[in-house]
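*Asks:* So here's structure-v9.txt (compact mmCIF, C-alpha atoms and all ligand atoms).
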```txt
# COMPACT_ATOMS: atom_id res chain seq x y z
CA MET A 30 149.58 94.20 -180.52
CA LYS A 31 152.61 92.05 -179.69
CA ILE A 32 153.49 91.96 -176.01
CA TYR A 33 156.93 90.90 -174.79
CA LEU A 34 156.93 89.79 -171.15
CA ASP A 35 159.98 87.50 -171.21
CA ASN A 36 162.62 90.00 -170.15
CA ALA A 37 164.33 87.52 -167.80
CA ALA A 38 165.26 85.54 -170.93
CA THR A 39 166.56 88.62 -172.69
CA THR A 40 165.69 92.29 -173.02
CA PRO A 41 165.29 94.43 -176.14
CA LEU A 42 168.31 96.58 -176.91
CA ASP A 43 167.80 100.22 -175.90
CA LYS A 44 167.93 102.42 -179.05
CA LYS A 45 170.48 104.66 -177.31
CA VAL A 46 172.69 101.61 -176.75
CA PHE A 47 172.42 100.67 -180.42
CA GLU A 48 173.39 104.23 -181.42
CA ALA A 49 176.41 104.15 -179.11
CA MET A 50 177.53 100.82 -180.60
CA THR A 51 177.23 101.44 -184.36
CA PRO A 52 180.37 103.65 -184.76
CA TYR A 53 182.37 100.74 -183.31
CA TYR A 54 181.27 98.53 -186.20
CA LEU A 55 181.59 101.11 -188.96
CA GLN A 56 184.35 103.61 -188.09
CA HIS A 57 186.23 102.59 -184.95
CA PHE A 58 186.56 98.95 -185.93
CA GLY A 59 190.23 98.56 -185.00
CA ASN A 60 191.67 95.78 -182.89
CA ALA A 61 192.47 97.06 -179.39
CA SER A 62 195.80 95.18 -179.51
CA SER A 63 197.00 96.94 -182.71
CA HIS A 64 199.64 99.62 -182.25
CA HIS A 65 198.44 101.98 -185.01
CA THR A 66 195.87 104.75 -184.53
CA PHE A 67 192.88 102.47 -185.29
CA GLY A 68 193.94 100.12 -182.52
CA ARG A 69 194.97 102.78 -180.04
CA GLU A 70 191.65 104.63 -180.24
CA VAL A 71 189.77 101.40 -179.60
CA LYS A 72 192.12 100.57 -176.69
CA ALA A 73 191.35 104.01 -175.21
CA THR A 74 187.60 103.30 -175.48
CA LEU A 75 188.07 99.87 -173.93
CA ASP A 76 189.93 101.37 -170.97
CA ALA A 77 187.28 104.09 -170.59
CA CYS A 78 184.47 101.48 -170.58
CA ARG A 79 186.24 99.43 -167.91
CA GLN A 80 186.70 102.59 -165.84
CA THR A 81 183.03 103.57 -166.20
CA ILE A 82 181.78 100.13 -165.13
CA ALA A 83 184.17 100.11 -162.19
CA GLN A 84 182.91 103.54 -161.08
CA LEU A 85 179.26 102.49 -161.36
CA LEU A 86 179.97 99.51 -159.08
CA ASN A 87 182.50 101.20 -156.80
CA ALA A 88 185.21 98.77 -157.89
CA ASN A 89 188.69 99.16 -159.42
CA ALA A 90 189.05 99.06 -163.20
CA ASP A 91 191.52 96.16 -163.09
CA GLU A 92 188.94 94.06 -161.22
CA ILE A 93 186.62 94.04 -164.28
CA ILE A 94 187.27 91.35 -166.94
CA PHE A 95 185.11 91.46 -170.06
CA THR A 96 183.63 88.11 -171.10
CA SER A 97 181.19 86.72 -173.66
CA GLY A 98 178.39 86.88 -171.07
CA GLY A 99 177.17 85.49 -167.77
CA THR A 100 177.94 81.84 -168.55
CA GLU A 101 181.61 82.52 -169.21
CA ALA A 102 181.89 84.77 -166.15
CA ASP A 103 180.36 82.05 -163.92
CA ASN A 104 182.60 79.35 -165.42
CA THR A 105 185.72 81.48 -164.97
CA ALA A 106 184.91 82.18 -161.33
CA ILE A 107 184.31 78.51 -160.55
CA GLN A 108 187.40 77.32 -162.36
CA SER A 109 189.48 80.01 -160.63
CA ALA A 110 188.32 78.89 -157.18
CA ILE A 111 189.06 75.23 -157.95
CA TYR A 112 192.31 75.46 -159.93
CA GLY A 113 193.56 78.84 -158.71
CA ALA A 114 192.62 78.70 -155.02
CA GLY A 115 192.60 74.89 -154.69
CA VAL A 116 189.11 74.77 -153.19
CA GLU A 117 187.77 71.23 -152.66
CA HIS A 118 184.40 71.94 -151.06
CA VAL A 119 181.67 74.02 -152.70
CA ILE A 120 178.50 75.28 -151.08
CA THR A 121 175.69 76.30 -153.40
CA THR A 122 171.91 76.07 -153.85
CA LYS A 123 169.50 73.96 -155.88
CA PHE A 124 168.29 77.18 -157.52
CA GLU A 125 171.42 78.33 -159.33
CA HIS A 126 171.44 78.76 -163.09
CA HIS A 127 172.84 75.82 -165.06
CA ALA A 128 175.88 77.98 -165.88
CA VAL A 129 176.81 77.34 -162.24
CA LEU A 130 175.17 73.99 -161.43
CA HIS A 131 176.30 72.09 -164.54
CA THR A 132 179.81 73.50 -164.23
CA LEU A 133 180.06 72.39 -160.61
CA GLU A 134 178.65 68.96 -161.48
CA GLN A 135 181.42 68.51 -164.08
CA PHE A 136 184.09 69.18 -161.47
CA GLU A 137 182.32 66.88 -159.00
CA LYS A 138 182.26 64.05 -161.59
CA LYS A 139 186.00 64.48 -162.10
CA GLY A 140 186.45 64.12 -158.33
CA LYS A 141 187.80 67.66 -157.92
CA ILE A 142 185.15 68.90 -155.48
CA ARG A 143 182.39 67.89 -153.09
CA ILE A 144 179.18 69.90 -153.24
CA SER A 145 176.87 70.80 -150.34
CA TYR A 146 173.50 72.44 -150.98
CA ILE A 147 172.07 75.04 -148.61
CA ASN A 148 168.69 74.00 -147.16
CA HIS A 149 165.69 76.08 -148.13
CA ASP A 150 162.05 76.44 -147.12
CA THR A 151 159.01 75.63 -149.28
CA GLN A 152 159.17 79.11 -150.85
CA GLY A 153 162.84 78.73 -151.80
CA SER A 154 164.27 81.06 -149.10
CA LEU A 155 167.72 79.92 -148.03
CA ASP A 156 168.51 78.78 -144.50
CA LEU A 157 171.55 80.90 -143.61
CA ALA A 158 171.98 79.08 -140.27
CA HIS A 159 172.55 75.92 -142.32
CA LEU A 160 175.06 77.79 -144.50
CA GLU A 161 176.88 78.86 -141.33
CA SER A 162 177.00 75.29 -140.01
CA LEU A 163 178.39 74.08 -143.37
CA LEU A 164 181.05 76.80 -143.23
CA GLN A 165 181.89 75.92 -139.61
CA GLN A 166 182.42 72.27 -140.56
CA GLN A 167 184.52 73.20 -143.55
CA PRO A 168 186.08 76.66 -143.67
CA ASN A 169 188.02 77.65 -146.83
CA SER A 170 185.08 76.56 -148.98
CA PHE A 171 183.80 78.22 -152.15
CA VAL A 172 180.26 79.57 -151.85
CA SER A 173 178.23 80.24 -154.99
CA VAL A 174 174.82 81.85 -154.45
CA MET A 175 172.98 83.91 -157.05
CA HIS A 176 171.62 87.34 -156.14
CA ALA A 177 168.20 86.65 -157.66
CA ASN A 178 166.71 83.60 -159.26
CA ASN A 179 165.81 83.87 -162.95
CA GLU A 180 162.71 81.65 -162.75
CA ILE A 181 160.92 82.56 -159.54
CA GLY A 182 162.61 85.89 -158.81
CA ASN A 183 163.62 85.12 -155.19
CA LEU A 184 166.23 87.59 -153.90
CA ASN A 185 169.00 86.16 -151.73
CA ASP A 186 170.64 88.18 -148.96
CA ILE A 187 174.10 88.38 -150.54
CA GLU A 188 175.23 90.97 -147.97
CA ALA A 189 174.65 88.49 -145.12
CA ILE A 190 176.15 85.62 -147.12
CA GLY A 191 179.24 87.72 -147.85
CA GLU A 192 179.67 88.44 -144.12
CA LEU A 193 179.46 84.73 -143.31
CA CYS A 194 181.99 83.90 -146.01
CA GLU A 195 184.39 86.47 -144.62
CA LYS A 196 183.94 85.09 -141.08
CA TYR A 197 184.82 81.56 -142.22
CA ASN A 198 187.46 82.51 -144.76
CA ALA A 199 185.42 81.24 -147.71
CA LEU A 200 185.51 82.54 -151.28
CA PHE A 201 182.16 83.99 -152.35
CA HIS A 202 180.84 84.05 -155.92
CA THR A 203 177.50 85.58 -156.83
CA ASP A 204 175.70 85.44 -160.16
CA THR A 205 174.08 88.87 -160.57
CA VAL A 206 172.94 88.26 -164.13
CA GLN A 207 169.31 89.04 -163.20
CA THR A 208 170.05 91.99 -160.91
CA MET A 209 172.89 93.90 -162.57
CA GLY A 210 171.40 97.16 -163.86
CA HIS A 211 168.25 96.60 -161.77
CA TYR A 212 169.73 97.01 -158.28
CA ALA A 213 172.72 99.06 -157.10
CA HIS A 214 175.84 97.04 -156.26
CA ASP A 215 178.55 98.60 -154.09
CA LEU A 216 181.56 96.34 -154.36
CA GLN A 217 183.47 98.14 -151.63
CA LYS A 218 180.73 97.13 -149.19
CA LEU A 219 179.64 93.76 -150.57
CA LYS A 220 181.98 91.01 -149.32
CA VAL A 221 182.17 89.21 -152.63
CA HIS A 222 185.19 87.78 -154.46
CA TYR A 223 183.64 86.99 -157.85
CA LEU A 224 180.53 88.47 -159.47
CA ALA A 225 179.06 87.63 -162.88
CA ALA A 226 176.99 89.93 -165.12
CA SER A 227 175.53 89.90 -168.63
CA ALA A 228 174.56 92.89 -170.81
CA HIS A 229 171.53 91.40 -172.56
CA LYS A 230 169.53 91.32 -169.32
CA PHE A 231 169.58 95.12 -168.98
CA HIS A 232 168.93 96.32 -172.54
CA GLY A 233 172.49 95.79 -173.72
CA PRO A 234 173.68 93.47 -176.51
CA LYS A 235 173.92 89.68 -176.35
CA GLY A 236 177.27 87.92 -176.15
CA VAL A 237 178.99 90.30 -173.76
CA GLY A 238 179.27 90.52 -170.00
CA PHE A 239 181.90 90.77 -167.32
CA LEU A 240 183.40 89.08 -164.34
CA TYR A 241 184.32 91.15 -161.30
CA CYS A 242 187.24 89.53 -159.48
CA ARG A 243 188.36 91.21 -156.27
CA LYS A 244 192.02 92.24 -156.23
CA GLY A 245 194.19 89.49 -154.76
CA THR A 246 191.66 86.71 -155.51
CA PRO A 247 192.97 83.87 -157.72
CA LEU A 248 191.93 84.09 -161.35
CA THR A 249 192.57 81.20 -163.73
CA GLN A 250 192.23 81.75 -167.45
CA LEU A 251 189.38 79.86 -169.08
CA LEU A 252 190.37 80.81 -172.62
CA HIS A 253 194.02 80.66 -173.70
CA GLY A 254 195.53 82.52 -176.63
CA GLY A 255 196.45 86.19 -176.91
CA GLY A 256 197.29 88.49 -174.03
CA GLN A 257 193.99 90.41 -173.94
CA GLU A 258 192.33 91.46 -170.67
CA ALA A 259 195.69 91.68 -168.86
CA LYS A 260 196.43 88.08 -169.96
CA LEU A 261 193.33 86.89 -168.08
CA ARG A 262 190.94 86.24 -170.99
CA ALA A 263 192.23 85.60 -174.49
CA GLY A 264 190.38 86.70 -177.64
CA THR A 265 189.96 89.97 -179.53
CA GLU A 266 187.75 92.21 -177.44
CA ASN A 267 184.16 92.70 -178.66
CA ILE A 268 184.51 96.47 -178.61
CA ALA A 269 181.04 97.32 -179.96
CA GLY A 270 179.54 94.92 -177.42
CA ILE A 271 181.60 96.38 -174.58
CA VAL A 272 180.55 99.92 -175.56
CA GLY A 273 176.92 98.70 -175.60
CA LEU A 274 177.30 97.00 -172.23
CA THR A 275 178.74 100.17 -170.72
CA LYS A 276 176.09 102.44 -172.22
CA ALA A 277 173.31 100.08 -171.07
CA LEU A 278 174.65 100.05 -167.52
CA GLU A 279 174.99 103.84 -167.47
CA LEU A 280 171.39 104.24 -168.67
CA ALA A 281 170.15 101.68 -166.14
CA TYR A 282 171.85 103.38 -163.21
CA ALA A 283 170.95 106.94 -164.31
CA ASP A 284 167.25 106.24 -163.59
CA LEU A 285 167.41 103.17 -161.38
CA HIS A 286 164.77 104.27 -158.86
CA GLU A 287 162.32 105.49 -161.51
CA HIS A 288 162.66 102.20 -163.40
CA HIS A 289 162.22 100.22 -160.18
CA THR A 290 159.01 102.05 -159.24
CA TYR A 291 157.62 101.94 -162.77
CA ILE A 292 158.23 98.20 -163.21
CA GLN A 293 157.08 97.29 -159.68
CA ASN A 294 153.79 99.08 -160.48
CA LEU A 295 153.36 96.96 -163.60
CA LYS A 296 154.03 93.82 -161.56
CA ASN A 297 151.50 94.93 -158.91
CA GLN A 298 148.95 95.65 -161.64
CA LEU A 299 149.36 92.13 -163.00
CA ILE A 300 149.11 90.57 -159.51
CA ASP A 301 145.89 92.50 -158.82
CA GLY A 302 144.52 91.75 -162.29
CA LEU A 303 145.11 88.01 -161.88
CA LEU A 304 143.74 87.81 -158.34
CA ASN A 305 140.65 89.89 -159.18
CA ASN A 306 139.77 88.12 -162.41
CA LEU A 307 140.88 84.49 -162.20
CA SER A 308 140.21 81.71 -159.76
CA ASP A 309 142.85 79.48 -158.19
CA VAL A 310 145.88 81.68 -158.85
CA THR A 311 148.98 81.13 -156.72
CA PHE A 312 152.50 82.53 -156.90
CA ASN A 313 155.75 80.59 -156.86
CA GLY A 314 158.59 81.20 -154.44
CA ARG A 315 158.66 84.72 -153.00
CA SER A 316 157.55 86.16 -156.32
CA PHE A 317 154.51 87.80 -154.71
CA GLU A 318 156.49 89.63 -151.99
CA ALA A 319 157.88 92.97 -153.15
CA ASP A 320 160.82 93.06 -150.73
CA LYS A 321 161.86 89.43 -151.25
CA SER A 322 161.71 89.14 -155.02
CA LEU A 323 162.96 90.74 -158.18
CA TYR A 324 160.57 93.48 -159.30
CA THR A 325 161.10 92.31 -162.88
CA VAL A 326 159.80 88.74 -162.36
CA LEU A 327 156.41 87.27 -161.43
CA SER A 328 156.10 83.48 -161.41
CA VAL A 329 152.50 82.33 -161.34
CA CYS A 330 150.74 79.00 -161.03
CA LEU A 331 147.53 78.90 -163.04
CA PRO A 332 144.95 76.12 -163.33
CA ASP A 333 145.60 73.52 -166.02
CA THR A 334 143.11 73.81 -168.88
CA GLY A 335 144.41 70.81 -170.79
CA ASP A 336 145.74 73.16 -173.49
CA ASP A 337 149.30 74.40 -173.80
CA LEU A 338 148.82 77.79 -172.17
CA LEU A 339 152.17 79.21 -173.30
CA ARG A 340 151.33 78.35 -176.91
CA CYS A 341 147.82 79.85 -176.58
CA LEU A 342 149.32 83.08 -175.21
CA ASP A 343 151.90 83.12 -178.01
CA GLU A 344 149.08 82.79 -180.57
CA GLN A 345 147.51 85.87 -178.98
CA GLY A 346 150.79 87.78 -179.40
CA ILE A 347 151.91 87.46 -175.77
CA ALA A 348 155.45 86.18 -175.18
CA VAL A 349 156.02 84.67 -171.74
CA SER A 350 157.79 81.54 -170.61
CA GLY A 351 157.46 78.60 -168.28
CA GLY A 352 160.91 79.12 -166.80
CA SER A 353 164.46 79.52 -168.01
CA ALA A 354 164.90 79.99 -171.79
CA CYS A 355 168.10 77.90 -171.63
CA SER A 356 166.18 74.82 -170.48
CA THR A 357 163.02 75.08 -172.61
CA GLY A 358 161.40 71.68 -172.89
CA ALA A 359 163.15 70.22 -169.84
CA ALA A 360 161.51 70.04 -166.41
CA SER A 361 162.69 73.06 -164.44
CA HIS A 362 165.17 72.14 -161.68
CA VAL A 363 164.06 75.28 -159.80
CA LEU A 364 160.38 74.35 -159.80
CA GLN A 365 161.28 70.75 -158.93
CA ALA A 366 163.27 71.97 -155.92
CA LEU A 367 160.15 73.83 -154.75
CA LYS A 368 158.04 70.64 -155.04
CA LEU A 369 155.08 72.49 -156.56
CA ARG A 370 151.57 71.08 -156.75
CA PRO A 371 151.42 68.90 -159.90
CA GLY A 372 148.98 69.56 -162.76
CA ARG A 373 149.36 73.33 -162.77
CA ASN A 374 150.55 75.77 -165.39
CA THR A 375 153.62 77.74 -164.39
CA VAL A 376 154.01 81.01 -166.22
CA ARG A 377 156.91 83.40 -165.72
CA PHE A 378 156.04 86.99 -166.58
CA SER A 379 159.11 89.21 -166.67
CA PHE A 380 158.92 92.94 -167.19
CA SER A 381 161.07 95.80 -168.41
CA ARG A 382 160.85 99.58 -168.52
CA PHE A 383 159.55 99.25 -172.11
CA ASN A 384 156.34 97.49 -171.02
CA THR A 385 153.16 99.49 -170.44
CA ALA A 386 150.03 99.39 -168.26
CA GLU A 387 147.93 98.82 -171.42
CA GLU A 388 149.93 95.68 -172.16
CA ILE A 389 149.30 94.33 -168.66
CA GLU A 390 145.58 95.05 -169.03
CA GLN A 391 145.55 93.16 -172.32
CA VAL A 392 147.35 90.16 -170.73
CA VAL A 393 144.75 90.00 -167.95
CA ASN A 394 141.93 90.17 -170.53
CA VAL A 395 143.44 87.38 -172.63
CA LEU A 396 144.04 85.16 -169.59
CA SER A 397 140.49 85.77 -168.35
CA ALA A 398 139.19 84.56 -171.71
CA LEU A 399 141.46 81.49 -171.74
CA LEU A 400 141.05 80.42 -168.11
CA GLN A 401 138.19 80.01 -165.72
CA PRO A 402 137.16 83.51 -164.62
CA ILE A 403 136.03 84.09 -161.04
CA ALA A 404 132.31 83.33 -160.78
CA ALA A 405 130.28 86.55 -160.65
N1 LIG B 1 172.86 83.27 -164.83
C1 LIG B 1 171.55 83.59 -164.80
C2 LIG B 1 170.88 83.78 -163.48
C3 LIG B 1 170.84 83.76 -165.98
O1 LIG B 1 169.55 84.09 -165.93
C4 LIG B 1 171.51 83.57 -167.21
C5 LIG B 1 170.78 83.69 -168.49
O2 LIG B 1 169.60 83.44 -168.59
C6 LIG B 1 172.88 83.24 -167.20
C7 LIG B 1 173.52 83.10 -165.98
C8 LIG B 1 173.65 83.07 -168.46
O3 LIG B 1 173.99 84.33 -168.99
P1 LIG B 1 174.40 84.47 -170.54
O4 LIG B 1 173.16 84.27 -171.32
O5 LIG B 1 174.92 85.87 -170.65
O6 LIG B 1 175.46 83.48 -170.80
```
Give the structure from this file in structure tokens form.
*Replies:*
Amino acid sequence: MKIYLDNAATTPLDKKVFEAMTPYYLQHFGNASSHHTFGREVKATLDACRQTIAQLLNANADEIIFTSGGTEADNTAIQSAIYGAGVEHVITTKFEHHAVLHTLEQFEKKGKIRISYINHDTQGSLDLAHLESLLQQQPNSFVSVMHANNEIGNLNDIEAIGELCEKYNALFHTDTVQTMGHYAHDLQKLKVHYLAASAHKFHGPKGVGFLYCRKGTPLTQLLHGGGQEAKLRAGTENIAGIVGLTKALELAYADLHEHHTYIQNLKNQLIDGLLNNLSDVTFNGRSFEADKSLYTVLSVCLPDTGDDLLRCLDEQGIAVSGGSACSTGAASHVLQALKLRPGRNTVRFSFSRFNTAEEIEQVVNVLSALLQPIAA
């Protein structure tokens, strides 16, 4: 049996999403910018998708800009704040995805911005009093804080951060790539200016996502060319991908609470299985705490056996990862920021609604055979 527990890297496409997409490859393949019937019908679908996503998030349709995924959405938001709004000071965290951190570092190298990092505790929880003091010293900043971390699963209080940003007149960007489709987002209530999302993290296709940009917030084009996306993002729209993204989000939100409970139970089962069967198991960040971490991610520290544990698990048909798929091979900046005990094996298990209790049982059995079991 092959077991896929690397859903924070990417999720399998839902069959219903695939079925919704195929007509847009085979029959409705027109270019949304064409004026003939083929183009017009695709344009109508594009508009309907934008409307559906806006409704699901309680936003306006013209605040949704389709992109090639989370990376492009993050880059567009950052560039917009710097070139469009003229921001010179950015406040972020050591835990952001490289789509944010590397982009900011490029602007810093060019002398366009200064970056301040929000202090955090040993579990990676952010010090919001420190954020407030940074905002007090320098209002009109750009704040970029992800909703949940992709490696350790820590959830950040983006409601409170949004309030602080409003108080100090700062622009707020949040990367919701790991939470879109897994948590409800009400964009009338959340005080956010930019929000990034990606379909392949919630059983949609790869290579498509969106940026939410609040009405009236500066938006600077990243890609120049045609006049697509209201002249905000050039390039022929990936209509099949956008249909898939929309269908995936609809399916996610239709049964959000059931999925949450189901997946949290799998995570709890794995936590119990590890603690009851293995010695010297610890959890990274807030991964262990249900209300402070993503229910789809469990980051575990296991004893070092001298063998490559991830490879051993792969040989047994179990796909997990050590951290972010984008940085495989490199030391994780997230784990480094946590200053973890050296000589331990970090394994990120990440779950989806397609995993089962039998799979979790099998993972515990395999790990018990590979690692030192608790002495009887
Ligand atoms: N942000 C986070 C938190 C992610 O986990 C990822 C992907 O792993 C990205 C951004 C990049 O998204 P995409 O793969 O759609 O470019």
*Asks:* Kindly indicate which residue among A:Tyr282, A:Phe201, A:Tyr146, A:Tyr53 lies nearest to Thr246 (chain A), using all atoms listed in the file for the distances.
*Replies:*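 Under the stated criterion, the closest residue is A:Phe201.
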*Asks:* Report the distance between CA of Gln56 (chain A) and CA of Pro41 (chain A) in Å, rounded to one decimal place.
*Replies:*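 Computing it gives 24.3 Å between the two atoms.
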*Asks:* Can you tell me how far CA of Thr74 (chain A) sits from atom C2 of ligand LIG 1 (chain B), in Å to one decimal?
*Replies:* 28.4 Å
*Asks:* Identify, counting only C-alpha atoms and all ligand atoms, the protein, DNA and RNA residues located within 8 Å of ligand LIG 1 (chain B), and give them as a ChimeraX atom specification.
*Replies:* /A:37-39,97-101,103,125-129,175,177-180,204-207,225-230,235-238,353-355
*Asks:* Here is a test: counting all atoms listed in the file, which residue of A:Ile300, A:Gly314, A:Thr290, A:Val272 is nearest to Glu48 (chain A)?
*Replies:*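 So, comparing all the options, the nearest one is A:Val272.
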*Asks:* Pick out the residues sitting within 8 Å of Ala106 (chain A), and hand them over as a PyMOL selection string; count only C-alpha atoms, and ignore anything fewer than 6 positions along from it in its own chain.
*Replies:* chain A and resi 202+223-224+240+242+248
*Asks:* Atoms to include: C-alpha atoms. Write the selected residues as a compact mmCIF listing (two decimals), in the coordinates of the input.
*Replies:*
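Writing done, so here's selection.txt:
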```
# COMPACT_ATOMS: atom_id res chain seq x y z
CA HIS A 202 180.84 84.05 -155.92
CA TYR A 223 183.64 86.99 -157.85
CA LEU A 224 180.53 88.47 -159.47
CA LEU A 240 183.40 89.08 -164.34
CA CYS A 242 187.24 89.53 -159.48
CA LEU A 248 191.93 84.09 -161.35
```
*Asks:* Just to confirm, what's the straight-line distance from CA of Lys45 (chain A) to CA of His232 (chain A) in Å (one decimal)?
*Replies:* 9.7 Å
*Asks:* Quick one: residues within 6 Å of Leu86 (chain A), all atoms listed in the file counted, chain neighbours fewer than 6 positions away excluded, as a short mmCIF file (atom, residue, chain, number, x, y, z; two decimals) with C-alpha atoms, in the frame of the given file?
*Replies:*
```
data_model
loop_
_atom_site.label_atom_id
_atom_site.label_comp_id
_atom_site.auth_asym_id
_atom_site.auth_seq_id
_atom_site.Cartn_x
_atom_site.Cartn_y
_atom_site.Cartn_z
CA HIS A 214 175.84 97.04 -156.26
CA ASP A 215 178.55 98.60 -154.09
CA LEU A 216 181.56 96.34 -154.36
#
```
*Asks:* From the options A:Leu261, A:Ile347, A:Cys330, A:Leu251, which residue's atoms come nearest to Ile93 (chain A), counting all atoms listed in the file?
*Replies:*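 Among the listed residues, the smallest separation from Ile93 (chain A) belongs to A:Leu261.
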*Asks:* With only C-alpha atoms as the basis for distance, which of A:Val221, A:Ile120, A:Leu295, A:Met50 is at the shortest distance from Ser379 (chain A)?
*Replies:*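 Looking only at the distances to Ser379 (chain A), the closest residue turns out to be A:Leu295.
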*Asks:* A:Val329, A:Val172, A:Leu85, A:Ile268: which is nearest Glu70 (chain A), counting all atoms listed in the file?
*Replies:*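 Result for the nearest residue to Glu70 (chain A): A:Ile268.
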*Asks:* If we count all atoms listed in the file and set the cut-off at 12 Å, which residues sit around region 331-342 of chain A, ignoring sequence neighbours fewer than 3 positions away in its own chain? Please answer as a PDB file with C-alpha atoms, in the frame of the given file.
*Replies:*
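Saved to part_8.pdb:
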```pdb
ATOM      1  CA  LYS A  31     152.610  92.050-179.690  1.00  0.00           C
ATOM      2  CA  ILE A  32     153.490  91.960-176.010  1.00  0.00           C
ATOM      3  CA  TYR A  33     156.930  90.900-174.790  1.00  0.00           C
ATOM      4  CA  LEU A  34     156.930  89.790-171.150  1.00  0.00           C
ATOM      5  CA  ASP A  35     159.980  87.500-171.210  1.00  0.00           C
ATOM      6  CA  LEU A 303     145.110  88.010-161.880  1.00  0.00           C
ATOM      7  CA  LEU A 304     143.740  87.810-158.340  1.00  0.00           C
ATOM      8  CA  LEU A 307     140.880  84.490-162.200  1.00  0.00           C
ATOM      9  CA  SER A 308     140.210  81.710-159.760  1.00  0.00           C
ATOM     10  CA  ASP A 309     142.850  79.480-158.190  1.00  0.00           C
ATOM     11  CA  VAL A 310     145.880  81.680-158.850  1.00  0.00           C
ATOM     12  CA  THR A 311     148.980  81.130-156.720  1.00  0.00           C
ATOM     13  CA  PHE A 312     152.500  82.530-156.900  1.00  0.00           C
ATOM     14  CA  ASN A 313     155.750  80.590-156.860  1.00  0.00           C
ATOM     15  CA  SER A 328     156.100  83.480-161.410  1.00  0.00           C
ATOM     16  CA  GLN A 345     147.510  85.870-178.980  1.00  0.00           C
ATOM     17  CA  GLY A 346     150.790  87.780-179.400  1.00  0.00           C
ATOM     18  CA  ILE A 347     151.910  87.460-175.770  1.00  0.00           C
ATOM     19  CA  ALA A 348     155.450  86.180-175.180  1.00  0.00           C
ATOM     20  CA  VAL A 349     156.020  84.670-171.740  1.00  0.00           C
ATOM     21  CA  SER A 350     157.790  81.540-170.610  1.00  0.00           C
ATOM     22  CA  GLY A 351     157.460  78.600-168.280  1.00  0.00           C
ATOM     23  CA  GLY A 352     160.910  79.120-166.800  1.00  0.00           C
ATOM     24  CA  THR A 357     163.020  75.080-172.610  1.00  0.00           C
ATOM     25  CA  GLY A 358     161.400  71.680-172.890  1.00  0.00           C
ATOM     26  CA  LEU A 369     155.080  72.490-156.560  1.00  0.00           C
ATOM     27  CA  ARG A 370     151.570  71.080-156.750  1.00  0.00           C
ATOM     28  CA  PRO A 371     151.420  68.900-159.900  1.00  0.00           C
ATOM     29  CA  GLY A 372     148.980  69.560-162.760  1.00  0.00           C
ATOM     30  CA  ARG A 373     149.360  73.330-162.770  1.00  0.00           C
ATOM     31  CA  ASN A 374     150.550  75.770-165.390  1.00  0.00           C
ATOM     32  CA  THR A 375     153.620  77.740-164.390  1.00  0.00           C
ATOM     33  CA  VAL A 376     154.010  81.010-166.220  1.00  0.00           C
ATOM     34  CA  ARG A 377     156.910  83.400-165.720  1.00  0.00           C
ATOM     35  CA  PHE A 378     156.040  86.990-166.580  1.00  0.00           C
ATOM     36  CA  GLN A 391     145.550  93.160-172.320  1.00  0.00           C
ATOM     37  CA  VAL A 392     147.350  90.160-170.730  1.00  0.00           C
ATOM     38  CA  VAL A 393     144.750  90.000-167.950  1.00  0.00           C
ATOM     39  CA  ASN A 394     141.930  90.170-170.530  1.00  0.00           C
ATOM     40  CA  VAL A 395     143.440  87.380-172.630  1.00  0.00           C
ATOM     41  CA  LEU A 396     144.040  85.160-169.590  1.00  0.00           C
ATOM     42  CA  SER A 397     140.490  85.770-168.350  1.00  0.00           C
ATOM     43  CA  ALA A 398     139.190  84.560-171.710  1.00  0.00           C
ATOM     44  CA  LEU A 399     141.460  81.490-171.740  1.00  0.00           C
ATOM     45  CA  LEU A 400     141.050  80.420-168.110  1.00  0.00           C
ATOM     46  CA  GLN A 401     138.190  80.010-165.720  1.00  0.00           C
ATOM     47  CA  PRO A 402     137.160  83.510-164.620  1.00  0.00           C
TER      48      PRO A 402
END
```
*Asks:* Which residues of region 42-124 of chain A have any atom within 12 Å of an atom in region 154-167 of chain A when counting all atoms listed in the file, and what is the closest pair of atoms for each, with the distance in Å to one decimal? Order the rows by chain and rising number and write it as CSV.
*Replies:*
```
residue,atom,partner,partner_atom,distance
A:Val116,CA,A:Gln167,CA,10.8
A:Glu117,CA,A:Gln167,CA,9.9
A:His118,CA,A:Gln167,CA,7.6
A:Val119,CA,A:Gln167,CA,9.6
A:Ile120,CA,A:Leu163,CA,7.8
A:Thr121,CA,A:Leu160,CA,9.0
A:Thr122,CA,A:Leu155,CA,8.1
A:Lys123,CA,A:Leu155,CA,10.0
A:Phe124,CA,A:Leu155,CA,9.9
```
*Asks:* Name the closest residue to Phe95 (chain A) among the candidates A:Ser316, A:Thr275, A:Ser322, A:Asn294; distances are taken between atoms, counting only C-alpha atoms.
*Replies:*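 So, comparing all the options, the nearest one is A:Thr275.
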*Asks:* Using only C-alpha atoms, which residues sit within 7 Å of Phe231 (chain A) once same-chain residues fewer than 5 positions away are excluded, as a count of residues only?
*Replies:* 3
*Asks:* Please return, as a short mmCIF file (atom, residue, chain, number, x, y, z; two decimals) with C-alpha atoms, in the frame of the given file, all polymer residues that have at least one atom within 7 Å of the point (184.8, 95.8, -166.2); use all atoms listed in the file and the file's own coordinate frame.
*Replies:*
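Output file out07.cif is given in full below:
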```cif
data_model
loop_
_atom_site.label_atom_id
_atom_site.label_comp_id
_atom_site.auth_asym_id
_atom_site.auth_seq_id
_atom_site.Cartn_x
_atom_site.Cartn_y
_atom_site.Cartn_z
CA ARG A 79 186.24 99.43 -167.91
CA ILE A 82 181.78 100.13 -165.13
CA ALA A 83 184.17 100.11 -162.19
CA ALA A 90 189.05 99.06 -163.20
CA GLU A 92 188.94 94.06 -161.22
CA ILE A 93 186.62 94.04 -164.28
CA ILE A 94 187.27 91.35 -166.94
CA PHE A 95 185.11 91.46 -170.06
CA PHE A 239 181.90 90.77 -167.32
CA TYR A 241 184.32 91.15 -161.30
#
```
